[in-house]
file data01.cif (mmCIF, C-alpha atoms and all ligand atoms)
data_target
#
loop_
_atom_site.group_PDB
_atom_site.id
_atom_site.type_symbol
_atom_site.label_atom_id
_atom_site.label_comp_id
_atom_site.auth_asym_id
_atom_site.auth_seq_id
_atom_site.Cartn_x
_atom_site.Cartn_y
_atom_site.Cartn_z
ATOM 1 C CA MET L 1 -6.968 -17.971 -36.153
ATOM 2 C CA ILE L 2 -8.005 -16.662 -32.782
ATOM 3 C CA ASN L 3 -9.844 -19.081 -30.546
ATOM 4 C CA ASP L 4 -12.117 -17.326 -28.053
ATOM 5 C CA VAL L 5 -11.931 -20.160 -25.565
ATOM 6 C CA THR L 6 -8.123 -20.087 -25.604
ATOM 7 C CA VAL L 7 -8.325 -16.426 -24.583
ATOM 8 C CA THR L 8 -10.522 -17.418 -21.654
ATOM 9 C CA LYS L 9 -8.180 -20.268 -20.676
ATOM 10 C CA ALA L 10 -5.107 -18.026 -20.871
ATOM 11 C CA ILE L 11 -6.657 -15.346 -18.686
ATOM 12 C CA SER L 12 -8.063 -17.674 -16.066
ATOM 13 C CA GLU L 13 -4.941 -19.870 -15.818
ATOM 14 C CA ARG L 14 -2.590 -16.911 -15.524
ATOM 15 C CA PHE L 15 -4.877 -15.102 -13.089
ATOM 16 C CA PHE L 16 -5.134 -18.082 -10.757
ATOM 17 C CA GLU L 17 -1.336 -18.630 -10.873
ATOM 18 C CA LYS L 18 -1.027 -15.066 -9.632
ATOM 19 C CA PHE L 19 -3.844 -15.373 -7.127
ATOM 20 C CA HIS L 20 -2.429 -18.593 -5.616
ATOM 21 C CA SER L 21 0.947 -16.966 -5.157
ATOM 22 C CA ALA L 22 -0.783 -14.156 -3.214
ATOM 23 C CA LEU L 23 -2.369 -16.430 -0.612
ATOM 24 C CA GLU L 24 0.570 -16.897 1.786
ATOM 25 C CA LEU L 25 2.482 -13.689 2.075
ATOM 26 C CA ASP L 26 5.281 -12.042 3.984
ATOM 27 C CA ALA L 27 3.320 -8.808 3.710
ATOM 28 C CA ALA L 28 -0.271 -8.109 2.708
ATOM 29 C CA ILE L 29 -0.574 -4.458 1.782
ATOM 30 C CA VAL L 30 -4.023 -2.947 1.852
ATOM 31 C CA GLY L 31 -4.380 0.042 -0.467
ATOM 32 C CA ALA L 32 -2.438 0.945 -3.610
ATOM 33 C CA GLY L 33 -1.906 4.623 -2.853
ATOM 34 C CA PRO L 34 1.590 6.116 -2.723
ATOM 35 C CA SER L 35 2.534 4.737 0.707
ATOM 36 C CA GLY L 36 1.296 1.220 -0.101
ATOM 37 C CA LEU L 37 2.957 1.020 -3.516
ATOM 38 C CA VAL L 38 6.274 2.347 -2.194
ATOM 39 C CA ALA L 39 6.236 -0.110 0.723
ATOM 40 C CA ALA L 40 5.384 -2.981 -1.622
ATOM 41 C CA TYR L 41 8.179 -2.067 -4.032
ATOM 42 C CA TYR L 42 10.948 -2.057 -1.398
ATOM 43 C CA LEU L 43 9.703 -5.318 0.115
ATOM 44 C CA ALA L 44 9.602 -7.002 -3.288
ATOM 45 C CA GLN L 45 13.070 -5.645 -4.053
ATOM 46 C CA ALA L 46 14.237 -7.432 -0.902
ATOM 47 C CA GLY L 47 12.811 -10.683 -2.253
ATOM 48 C CA ARG L 48 9.772 -10.752 0.014
ATOM 49 C CA ARG L 49 6.440 -12.154 -1.098
ATOM 50 C CA VAL L 50 4.112 -9.197 -1.171
ATOM 51 C CA ALA L 51 0.700 -8.462 -2.618
ATOM 52 C CA VAL L 52 -1.362 -5.295 -2.672
ATOM 53 C CA PHE L 53 -5.146 -5.491 -2.360
ATOM 54 C CA GLU L 54 -6.863 -2.431 -3.812
ATOM 55 C CA SER L 55 -10.585 -1.878 -3.625
ATOM 56 C CA LYS L 56 -10.742 0.304 -6.750
ATOM 57 C CA LEU L 57 -10.091 -0.836 -10.292
ATOM 58 C CA SER L 58 -7.282 1.689 -10.622
ATOM 59 C CA ILE L 59 -4.210 1.969 -8.451
ATOM 60 C CA GLY L 60 -2.568 5.183 -7.237
ATOM 61 C CA GLY L 61 -5.035 6.297 -4.554
ATOM 62 C CA GLY L 62 -5.060 10.052 -4.115
ATOM 63 C CA ILE L 63 -2.181 10.852 -6.463
ATOM 64 C CA TRP L 64 -4.047 11.239 -9.751
ATOM 65 C CA GLY L 65 -5.885 14.448 -8.899
ATOM 66 C CA GLY L 66 -2.876 16.312 -7.431
ATOM 67 C CA GLY L 67 -4.344 19.258 -5.518
ATOM 68 C CA MET L 68 -7.978 20.123 -6.272
ATOM 69 C CA LEU L 69 -7.791 18.251 -9.586
ATOM 70 C CA MET L 70 -4.689 20.158 -10.720
ATOM 71 C CA ASN L 71 -2.713 17.073 -11.588
ATOM 72 C CA GLU L 72 0.697 18.016 -10.242
ATOM 73 C CA ILE L 73 2.064 16.944 -6.875
ATOM 74 C CA VAL L 74 4.609 18.611 -4.623
ATOM 75 C CA VAL L 75 7.449 16.651 -3.067
ATOM 76 C CA GLN L 76 10.056 18.020 -0.687
ATOM 77 C CA ASP L 77 13.776 17.331 -1.067
ATOM 78 C CA ASP L 78 13.857 14.576 1.608
ATOM 79 C CA ALA L 79 11.892 12.302 -0.702
ATOM 80 C CA LEU L 80 13.837 12.848 -3.924
ATOM 81 C CA GLU L 81 15.835 9.636 -3.574
ATOM 82 C CA ILE L 82 12.564 7.701 -3.654
ATOM 83 C CA LEU L 83 11.476 9.502 -6.835
ATOM 84 C CA ARG L 84 14.853 8.533 -8.316
ATOM 85 C CA ASP L 85 14.486 4.880 -7.244
ATOM 86 C CA PHE L 86 11.219 4.790 -9.194
ATOM 87 C CA GLY L 87 12.609 6.717 -12.161
ATOM 88 C CA ILE L 88 10.071 9.521 -11.644
ATOM 89 C CA SER L 89 10.903 12.795 -13.418
ATOM 90 C CA TYR L 90 10.538 15.943 -11.331
ATOM 91 C CA ARG L 91 11.213 19.671 -11.610
ATOM 92 C CA GLU L 92 12.695 21.971 -9.034
ATOM 93 C CA TYR L 93 10.280 24.672 -7.919
ATOM 94 C CA GLY L 94 12.627 26.424 -5.474
ATOM 95 C CA GLY L 95 13.009 26.572 -1.705
ATOM 96 C CA GLY L 96 13.361 22.778 -1.356
ATOM 97 C CA TYR L 97 10.076 22.056 -3.199
ATOM 98 C CA TYR L 98 9.833 19.947 -6.326
ATOM 99 C CA THR L 99 6.877 19.125 -8.545
ATOM 100 C CA ALA L 100 6.023 15.979 -10.466
ATOM 101 C CA ASP L 101 3.252 15.194 -12.903
ATOM 102 C CA ALA L 102 0.611 13.265 -10.937
ATOM 103 C CA VAL L 103 -0.268 10.880 -13.783
ATOM 104 C CA HIS L 104 3.400 10.110 -14.447
ATOM 105 C CA THR L 105 4.007 9.571 -10.708
ATOM 106 C CA ALA L 106 1.089 7.188 -10.223
ATOM 107 C CA SER L 107 2.032 5.253 -13.360
ATOM 108 C CA ALA L 108 5.701 4.974 -12.395
ATOM 109 C CA LEU L 109 4.894 3.773 -8.879
ATOM 110 C CA ALA L 110 2.651 1.070 -10.315
ATOM 111 C CA TYR L 111 5.103 0.109 -13.052
ATOM 112 C CA ARG L 112 8.150 -0.199 -10.811
ATOM 113 C CA ALA L 113 6.260 -2.020 -8.069
ATOM 114 C CA THR L 114 4.797 -4.638 -10.417
ATOM 115 C CA GLU L 115 8.127 -4.947 -12.249
ATOM 116 C CA ALA L 116 9.797 -5.694 -8.896
ATOM 117 C CA GLY L 117 7.379 -8.605 -8.399
ATOM 118 C CA VAL L 118 4.527 -7.051 -6.431
ATOM 119 C CA ILE L 119 1.228 -8.779 -7.143
ATOM 120 C CA VAL L 120 -1.677 -6.330 -7.327
ATOM 121 C CA ILE L 121 -5.163 -7.700 -6.859
ATOM 122 C CA ASN L 122 -7.459 -4.846 -7.805
ATOM 123 C CA ALA L 123 -11.210 -4.351 -7.417
ATOM 124 C CA CYS L 124 -10.715 -6.361 -4.246
ATOM 125 C CA ARG L 125 -11.647 -4.996 -0.860
ATOM 126 C CA VAL L 126 -10.158 -6.026 2.463
ATOM 127 C CA GLU L 127 -13.149 -6.204 4.772
ATOM 128 C CA ASP L 128 -11.686 -7.989 7.803
ATOM 129 C CA VAL L 129 -8.462 -9.459 9.194
ATOM 130 C CA LEU L 130 -7.375 -12.974 10.143
ATOM 131 C CA PHE L 131 -6.676 -12.962 13.852
ATOM 132 C CA ARG L 132 -4.581 -15.715 15.500
ATOM 133 C CA GLU L 133 -3.247 -15.924 19.041
ATOM 134 C CA GLY L 134 -3.153 -12.237 19.761
ATOM 135 C CA ARG L 135 -1.903 -11.040 16.402
ATOM 136 C CA VAL L 136 -3.147 -10.035 12.994
ATOM 137 C CA ALA L 137 -2.262 -12.911 10.673
ATOM 138 C CA GLY L 138 -3.758 -11.968 7.318
ATOM 139 C CA VAL L 139 -6.638 -10.310 5.529
ATOM 140 C CA VAL L 140 -10.166 -11.240 4.478
ATOM 141 C CA ILE L 141 -11.022 -10.205 0.922
ATOM 142 C CA LEU L 142 -14.031 -9.861 -1.318
ATOM 143 C CA TRP L 143 -14.493 -8.437 -4.827
ATOM 144 C CA THR L 144 -15.566 -4.807 -4.608
ATOM 145 C CA PRO L 145 -18.480 -5.221 -7.088
ATOM 146 C CA VAL L 146 -19.916 -7.967 -4.865
ATOM 147 C CA LEU L 147 -19.943 -5.536 -1.961
ATOM 148 C CA THR L 148 -21.249 -2.674 -4.082
ATOM 149 C CA ALA L 149 -24.114 -4.843 -5.310
ATOM 150 C CA GLY L 150 -24.910 -5.796 -1.724
ATOM 151 C CA LEU L 151 -24.764 -9.503 -2.561
ATOM 152 C CA HIS L 152 -24.686 -11.923 0.332
ATOM 153 C CA VAL L 153 -21.433 -13.717 -0.583
ATOM 154 C CA ASP L 154 -18.824 -14.928 1.886
ATOM 155 C CA PRO L 155 -15.266 -13.609 1.535
ATOM 156 C CA LEU L 156 -11.966 -15.554 1.315
ATOM 157 C CA SER L 157 -8.818 -15.421 3.438
ATOM 158 C CA VAL L 158 -5.189 -14.575 2.744
ATOM 159 C CA GLY L 159 -2.468 -15.458 5.264
ATOM 160 C CA ALA L 160 0.291 -12.937 5.901
ATOM 161 C CA THR L 161 3.038 -12.626 8.477
ATOM 162 C CA THR L 162 2.490 -8.877 8.422
ATOM 163 C CA VAL L 163 -0.383 -6.672 7.275
ATOM 164 C CA LEU L 164 0.010 -3.026 6.308
ATOM 165 C CA ASP L 165 -2.928 -0.641 6.550
ATOM 166 C CA ALA L 166 -2.213 1.810 3.725
ATOM 167 C CA THR L 167 -5.883 2.646 3.151
ATOM 168 C CA GLY L 168 -5.403 6.392 3.553
ATOM 169 C CA HIS L 169 -7.724 8.655 5.562
ATOM 170 C CA ALA L 170 -10.101 5.796 6.420
ATOM 171 C CA ALA L 171 -7.505 3.515 8.121
ATOM 172 C CA GLU L 172 -9.991 0.737 7.433
ATOM 173 C CA VAL L 173 -7.939 -2.239 8.565
ATOM 174 C CA VAL L 174 -7.145 -0.723 11.940
ATOM 175 C CA HIS L 175 -10.778 0.313 12.386
ATOM 176 C CA VAL L 176 -12.123 -3.165 11.697
ATOM 177 C CA THR L 177 -9.523 -4.758 13.991
ATOM 178 C CA VAL L 178 -10.377 -2.416 16.861
ATOM 179 C CA ARG L 179 -14.119 -2.749 16.305
ATOM 180 C CA LYS L 180 -14.192 -6.535 16.162
ATOM 181 C CA MET L 181 -11.347 -7.555 18.451
ATOM 182 C CA GLU L 182 -11.365 -4.633 20.930
ATOM 183 C CA VAL L 183 -7.572 -4.585 20.857
ATOM 184 C CA GLU L 184 -5.368 -1.968 22.453
ATOM 185 C CA LEU L 185 -3.183 -0.176 19.932
ATOM 186 C CA ASN L 186 0.340 1.118 20.264
ATOM 187 C CA THR L 187 -0.903 4.752 20.268
ATOM 188 C CA GLU L 188 -0.948 7.530 22.872
ATOM 189 C CA THR L 189 -4.358 6.444 24.185
ATOM 190 C CA GLY L 190 -4.430 2.819 23.070
ATOM 191 C CA GLY L 191 -7.254 3.737 20.670
ATOM 192 C CA ILE L 192 -7.650 5.457 17.296
ATOM 193 C CA LEU L 193 -7.029 9.189 17.754
ATOM 194 C CA GLY L 194 -8.425 10.406 14.403
ATOM 195 C CA GLU L 195 -6.987 12.758 11.807
ATOM 196 C CA ARG L 196 -6.588 16.471 12.603
ATOM 197 C CA SER L 197 -7.097 19.547 10.407
ATOM 198 C CA MET L 198 -4.636 20.811 7.819
ATOM 199 C CA TRP L 199 -1.091 21.740 8.912
ATOM 200 C CA ALA L 200 1.401 20.486 6.328
ATOM 201 C CA GLU L 201 4.599 20.985 8.322
ATOM 202 C CA SER L 202 3.373 19.131 11.385
ATOM 203 C CA GLY L 203 1.441 16.526 9.375
ATOM 204 C CA GLU L 204 4.411 15.564 7.235
ATOM 205 C CA GLN L 205 6.621 15.022 10.279
ATOM 206 C CA ALA L 206 3.953 13.117 12.182
ATOM 207 C CA VAL L 207 3.125 10.751 9.353
ATOM 208 C CA ILE L 208 6.728 9.614 9.185
ATOM 209 C CA GLU L 209 7.170 9.484 12.953
ATOM 210 C CA HIS L 210 3.987 7.434 13.446
ATOM 211 C CA THR L 211 4.643 4.947 10.674
ATOM 212 C CA GLY L 212 5.013 1.521 12.238
ATOM 213 C CA GLU L 213 3.439 -1.400 14.044
ATOM 214 C CA VAL L 214 0.264 -0.502 15.945
ATOM 215 C CA PHE L 215 -0.631 -4.020 17.007
ATOM 216 C CA PRO L 216 1.292 -7.296 16.615
ATOM 217 C CA GLY L 217 1.381 -8.052 12.889
ATOM 218 C CA LEU L 218 -0.452 -4.827 11.911
ATOM 219 C CA TYR L 219 1.402 -1.779 10.565
ATOM 220 C CA VAL L 220 0.231 1.664 9.450
ATOM 221 C CA ALA L 221 1.731 3.971 6.819
ATOM 222 C CA GLY L 222 0.697 7.105 4.940
ATOM 223 C CA MET L 223 -2.549 8.876 5.856
ATOM 224 C CA ALA L 224 -3.625 5.822 7.847
ATOM 225 C CA ALA L 225 -0.723 6.507 10.236
ATOM 226 C CA ALA L 226 -1.957 10.109 10.631
ATOM 227 C CA ALA L 227 -5.539 8.957 11.148
ATOM 228 C CA VAL L 228 -4.641 6.351 13.754
ATOM 229 C CA HIS L 229 -2.190 8.496 15.721
ATOM 230 C CA GLY L 230 -3.955 11.875 15.530
ATOM 231 C CA GLY L 231 -1.659 13.594 13.007
ATOM 232 C CA HIS L 232 -2.616 16.673 10.998
ATOM 233 C CA ARG L 233 -3.514 16.328 7.332
ATOM 234 C CA MET L 234 -1.036 17.941 4.964
ATOM 235 C CA GLY L 235 -2.805 18.444 1.626
ATOM 236 C CA PRO L 236 -1.198 17.542 -1.699
ATOM 237 C CA ILE L 237 2.421 17.276 -0.602
ATOM 238 C CA PHE L 238 3.477 13.683 -1.072
ATOM 239 C CA GLY L 239 7.007 13.374 0.350
ATOM 240 C CA GLY L 240 5.681 12.127 3.695
ATOM 241 C CA MET L 241 3.630 9.384 1.978
ATOM 242 C CA LEU L 242 6.641 8.156 0.013
ATOM 243 C CA ILE L 243 9.013 8.257 2.993
ATOM 244 C CA SER L 244 6.421 6.563 5.190
ATOM 245 C CA GLY L 245 6.115 3.734 2.636
ATOM 246 C CA LYS L 246 9.864 3.238 2.536
ATOM 247 C CA LYS L 247 10.135 3.402 6.323
ATOM 248 C CA VAL L 248 7.456 0.789 6.914
ATOM 249 C CA ALA L 249 9.072 -1.518 4.348
ATOM 250 C CA GLY L 250 12.277 -1.354 6.425
ATOM 251 C CA GLN L 251 10.372 -2.079 9.638
ATOM 252 C CA ILE L 252 8.493 -5.012 8.122
ATOM 253 C CA LEU L 253 11.699 -6.353 6.611
ATOM 254 C CA GLU L 254 13.404 -6.206 9.971
ATOM 255 C CA SER L 255 10.529 -8.080 11.625
ATOM 256 C CA LEU L 256 10.761 -10.740 8.896
ATOM 257 C CA GLY L 257 14.486 -11.187 9.493
ATOM 258 C CA GLY L 258 15.729 -9.099 6.546
ATOM 259 C CA ALA L 259 15.895 -9.669 2.819
ATOM 260 C CA ASP L 260 15.248 -13.069 1.272
ATOM 261 C CA SER L 261 18.527 -13.338 -0.591
ATOM 262 C CA ALA L 262 17.607 -16.536 -2.478
ATOM 263 C CA ALA L 263 14.525 -14.845 -3.902
ATOM 264 C CA THR L 264 16.510 -11.700 -4.699
ATOM 265 C CA ALA L 265 19.097 -13.772 -6.580
ATOM 266 C CA ASP L 266 16.337 -15.558 -8.549
ATOM 267 C CA ARG L 267 14.782 -12.233 -9.477
ATOM 268 C CA ASP L 268 18.131 -10.798 -10.574
ATOM 269 C CA ALA L 269 18.760 -13.877 -12.716
ATOM 270 C CA VAL L 270 15.366 -13.467 -14.405
ATOM 271 C CA ALA L 271 16.057 -9.750 -14.987
ATOM 272 C CA ALA L 272 19.502 -10.527 -16.452
ATOM 273 C CA ALA L 273 17.952 -13.063 -18.832
ATOM 274 C CA ARG L 274 15.463 -10.500 -20.202
HETATM 275 C C1 LIG N 301 -8.609 -2.315 -0.226
HETATM 276 C C2 LIG N 301 -8.690 -0.042 0.140
HETATM 277 C C3 LIG N 301 -9.505 -0.225 1.267
HETATM 278 C C4 LIG N 301 -9.857 -1.559 1.621
HETATM 279 C C5 LIG N 301 -9.171 1.907 1.019
HETATM 280 O O1 LIG N 301 -5.583 7.433 0.059
HETATM 281 P P1 LIG N 301 -4.365 6.838 -0.529
HETATM 282 O O2 LIG N 301 -3.703 7.585 -1.638
HETATM 283 O O3 LIG N 301 -3.343 6.509 0.668
HETATM 284 P P2 LIG N 301 -1.894 7.057 1.119
HETATM 285 O O4 LIG N 301 -1.958 7.129 2.579
HETATM 286 O O5 LIG N 301 -0.841 6.231 0.509
HETATM 287 O O6 LIG N 301 -1.780 8.514 0.498
HETATM 288 C C6 LIG N 301 -2.585 9.518 0.954
HETATM 289 C C7 LIG N 301 -2.693 10.637 -0.068
HETATM 290 O O7 LIG N 301 -3.192 10.135 -1.288
HETATM 291 C C8 LIG N 301 -3.620 11.662 0.480
HETATM 292 O O8 LIG N 301 -4.826 11.414 0.461
HETATM 293 C C9 LIG N 301 -3.122 12.849 1.111
HETATM 294 C C10 LIG N 301 -1.661 13.162 1.107
HETATM 295 N N1 LIG N 301 -3.990 13.622 1.682
HETATM 296 C C11 LIG N 301 -3.704 14.763 2.445
HETATM 297 C C12 LIG N 301 -4.965 15.539 2.752
HETATM 298 O O9 LIG N 301 -4.820 16.543 3.481
HETATM 299 O O10 LIG N 301 -6.059 15.187 2.271
HETATM 300 O O11 LIG N 301 -4.701 5.389 -1.070
HETATM 301 C C13 LIG N 301 -5.399 4.470 -0.279
HETATM 302 C C14 LIG N 301 -5.914 3.369 -1.180
HETATM 303 C C15 LIG N 301 -7.011 3.864 -2.131
HETATM 304 O O12 LIG N 301 -6.659 3.531 -3.453
HETATM 305 C C16 LIG N 301 -8.266 3.127 -1.663
HETATM 306 O O13 LIG N 301 -9.123 2.778 -2.726
HETATM 307 C C17 LIG N 301 -7.663 1.902 -1.006
HETATM 308 O O14 LIG N 301 -6.495 2.380 -0.360
HETATM 309 N N2 LIG N 301 -8.502 1.290 0.023
HETATM 310 N N3 LIG N 301 -8.246 -1.056 -0.598
HETATM 311 N N4 LIG N 301 -9.393 -2.569 0.857
HETATM 312 N N5 LIG N 301 -10.627 -1.815 2.671
HETATM 313 N N6 LIG N 301 -9.794 1.002 1.793
#

call {"tool": "encode", "arguments": {"input": "data01.cif", "output": "structure tokens"}}
result
Amino acid sequence: MINDVTVTKAISERFFEKFHSALELDAAIVGAGPSGLVAAYYLAQAGRRVAVFESKLSIGGGIWGGGMLMNEIVVQDDALEILRDFGISYREYGGGYYTADAVHTASALAYRATEAGVIVINACRVEDVLFREGRVAGVVILWTPVLTAGLHVDPLSVGATTVLDATGHAAEVVHVTVRKMEVELNTETGGILGERSMWAESGEQAVIEHTGEVFPGLYVAGMAAAAVHGGHRMGPIFGGMLISGKKVAGQILESLGGADSAATADRDAVAAAR
């Protein structure tokens, strides 16, 4: 006997358990593309409370379509250890280039991140930040369909010690912070420099170099780092995105005082009991 109302109760109870545990975070990650998912995974591995807010229903950002809808991605050798951490299969192409199936890559990033304890709230757009005493202190969220329908509904707030803008080309969190709070960023000019045209070699280096804190409490990774600091775009080579995600996780972890070993031990105990 299946009771329809029990299904409703199960979904709503379990969802709100998850939602409540995403309201006071060590790191709020905005955008579930490669850089955001990788950052979230390493933070969760270190026992930190981390949630990813993704405006689309699906996670994975720009991975799925590879290059021009040919659903393979290219990764350079520097990023192979990250593919291995996620259990992603790849093939050597030659000359230090490797390829991976885009669908497999996106799925594995999502699987490993959620398995490590990352909470993903999807169809949920970050439209503003919480700002307290000269620092970014969280994010302001609203369901994407509410925004799409143009409904006049107020958003809700999530507190976070650190916020990562991993929204890709748009760098939406940095843009809204600059627009509303007129803050000076930790960039060459103090402002947003904007993304430059395609040059993979330079773009890949710059995205890694520019990954980091741009304003107290606010970090950038992936294409958002390129867009904020004036890096070149690099096309469908994804090593820089993965390395940027891992790098920012290390930076955020350091700012939080390192791994939460009690939480890590709890997680390991749960995994051992499975
Ligand atoms: C919630 C949001 C919001 C918001 C956007 O674009 P992404 O895949 O991001 P990266 O930086 O991890 O990877 C970039 C890569 O995919 C890419 O585009 C490359 C390498 N381009 C090179 C080139 O030359 O073009 O993912 C960002 C995610 C997406 O899923 C968005 O839906 C989401 O962020 N997002 N989520 N609130 N305000 N804005």

call {"tool": "residues_near_ligand", "arguments": {"input": "data01.cif", "ligand": "ligand LIG 301 (chain N)", "cutoff": "7 Å", "atoms": "only C-alpha atoms and all ligand atoms", "output": "ChimeraX atom specification"}}
result
/L:30-36,53-56,59-63,124-127,166-170,172-173,198,221-224,233-238,241

call {"tool": "atom_distance", "arguments": {"input": "data01.cif", "atom1": "atom CA of L:Tyr41", "atom2": "atom CA of L:Leu193"}}
result
28.9 Å

call {"tool": "closest_residue", "arguments": {"input": "data01.cif", "among": "L:Glu13, L:Glu204, L:Asp154, L:Glu184", "to": "L:Pro216", "atoms": "all atoms listed in the file"}}
result
L:Glu184

call {"tool": "closest_residue", "arguments": {"input": "data01.cif", "among": "L:Val129, L:Ala123, L:Ala206, L:Val158", "to": "L:Thr177", "atoms": "all atoms listed in the file"}}
result
L:Val129

call {"tool": "closest_residue", "arguments": {"input": "data01.cif", "among": "L:Ile121, L:Ala22, L:Thr105, L:Ala225", "to": "L:Asn71", "atoms": "all atoms listed in the file"}}
result
L:Thr105

call {"tool": "residues_around", "arguments": {"input": "data01.cif", "residues": "L:Phe215", "least_positions_apart": "6", "cutoff": "12 Å", "atoms": "only C-alpha atoms", "output": "PyMOL selection string"}}
result
chain L and resi 131+134-137+162-165+173-175+177-178+181-187+190-192+228

call {"tool": "resolve_selection", "arguments": {"input": "data01.cif", "expression": "the PyMOL selection byres (((chain L and resi 210) around 8) and not hetatm)", "output": "PyMOL selection string"}}
result
chain L and resi 206-209+211-212+220-221+225-226+229

call {"tool": "closest_residue", "arguments": {"input": "data01.cif", "among": "L:Ile252, L:Leu69, L:Val5, L:Val139", "to": "L:Ala28", "atoms": "all atoms listed in the file"}}
result
L:Val139

call {"tool": "closest_residue", "arguments": {"input": "data01.cif", "among": "L:Ala113, L:Ala160, L:Leu83, L:Val50", "to": "L:Thr99", "atoms": "all atoms listed in the file"}}
result
L:Leu83

call {"tool": "closest_residue", "arguments": {"input": "data01.cif", "among": "L:Thr144, L:Gln45, L:Thr114, L:Asn122", "to": "L:Ala263", "atoms": "all atoms listed in the file"}}
result
L:Gln45

call {"tool": "build_atoms", "arguments": {"input": "data01.cif", "residues": "stretch 10-22 of chain L", "atoms": "N, CA, C and O atoms", "output": "short mmCIF file (atom, residue, chain, number, x, y, z; two decimals), keeping the file's coordinate frame"}}
result
data_model
loop_
_atom_site.label_atom_id
_atom_site.label_comp_id
_atom_site.auth_asym_id
_atom_site.auth_seq_id
_atom_site.Cartn_x
_atom_site.Cartn_y
_atom_site.Cartn_z
N ALA L 10 -6.36 -18.75 -21.16
CA ALA L 10 -5.11 -18.03 -20.87
C ALA L 10 -5.31 -17.07 -19.70
O ALA L 10 -4.51 -17.02 -18.76
N ILE L 11 -6.41 -16.32 -19.75
CA ILE L 11 -6.66 -15.35 -18.69
C ILE L 11 -6.88 -16.05 -17.36
O ILE L 11 -6.27 -15.69 -16.34
N SER L 12 -7.73 -17.07 -17.36
CA SER L 12 -8.06 -17.67 -16.07
C SER L 12 -6.87 -18.43 -15.49
O SER L 12 -6.59 -18.33 -14.29
N GLU L 13 -6.11 -19.14 -16.34
CA GLU L 13 -4.94 -19.87 -15.82
C GLU L 13 -3.92 -18.90 -15.23
O GLU L 13 -3.43 -19.10 -14.13
N ARG L 14 -3.61 -17.86 -15.98
CA ARG L 14 -2.59 -16.91 -15.52
C ARG L 14 -3.07 -16.15 -14.29
O ARG L 14 -2.30 -15.87 -13.38
N PHE L 15 -4.37 -15.82 -14.26
CA PHE L 15 -4.88 -15.10 -13.09
C PHE L 15 -4.75 -15.98 -11.85
O PHE L 15 -4.27 -15.53 -10.80
N PHE L 16 -5.15 -17.24 -11.96
CA PHE L 16 -5.13 -18.08 -10.76
C PHE L 16 -3.71 -18.43 -10.32
O PHE L 16 -3.46 -18.58 -9.13
N GLU L 17 -2.76 -18.51 -11.26
CA GLU L 17 -1.34 -18.63 -10.87
C GLU L 17 -0.97 -17.48 -9.94
O GLU L 17 -0.38 -17.66 -8.88
N LYS L 18 -1.35 -16.29 -10.38
CA LYS L 18 -1.03 -15.07 -9.63
C LYS L 18 -1.76 -15.06 -8.29
O LYS L 18 -1.17 -14.77 -7.25
N PHE L 19 -3.02 -15.41 -8.34
CA PHE L 19 -3.84 -15.37 -7.13
C PHE L 19 -3.31 -16.38 -6.09
O PHE L 19 -3.16 -16.05 -4.91
N HIS L 20 -2.96 -17.59 -6.56
CA HIS L 20 -2.43 -18.59 -5.62
C HIS L 20 -1.14 -18.11 -4.98
O HIS L 20 -0.89 -18.36 -3.81
N SER L 21 -0.32 -17.41 -5.75
CA SER L 21 0.95 -16.97 -5.16
C SER L 21 0.74 -15.76 -4.24
O SER L 21 1.68 -15.29 -3.61
N ALA L 22 -0.50 -15.27 -4.14
CA ALA L 22 -0.78 -14.16 -3.21
C ALA L 22 -1.53 -14.63 -1.97
O ALA L 22 -2.08 -13.82 -1.23
#
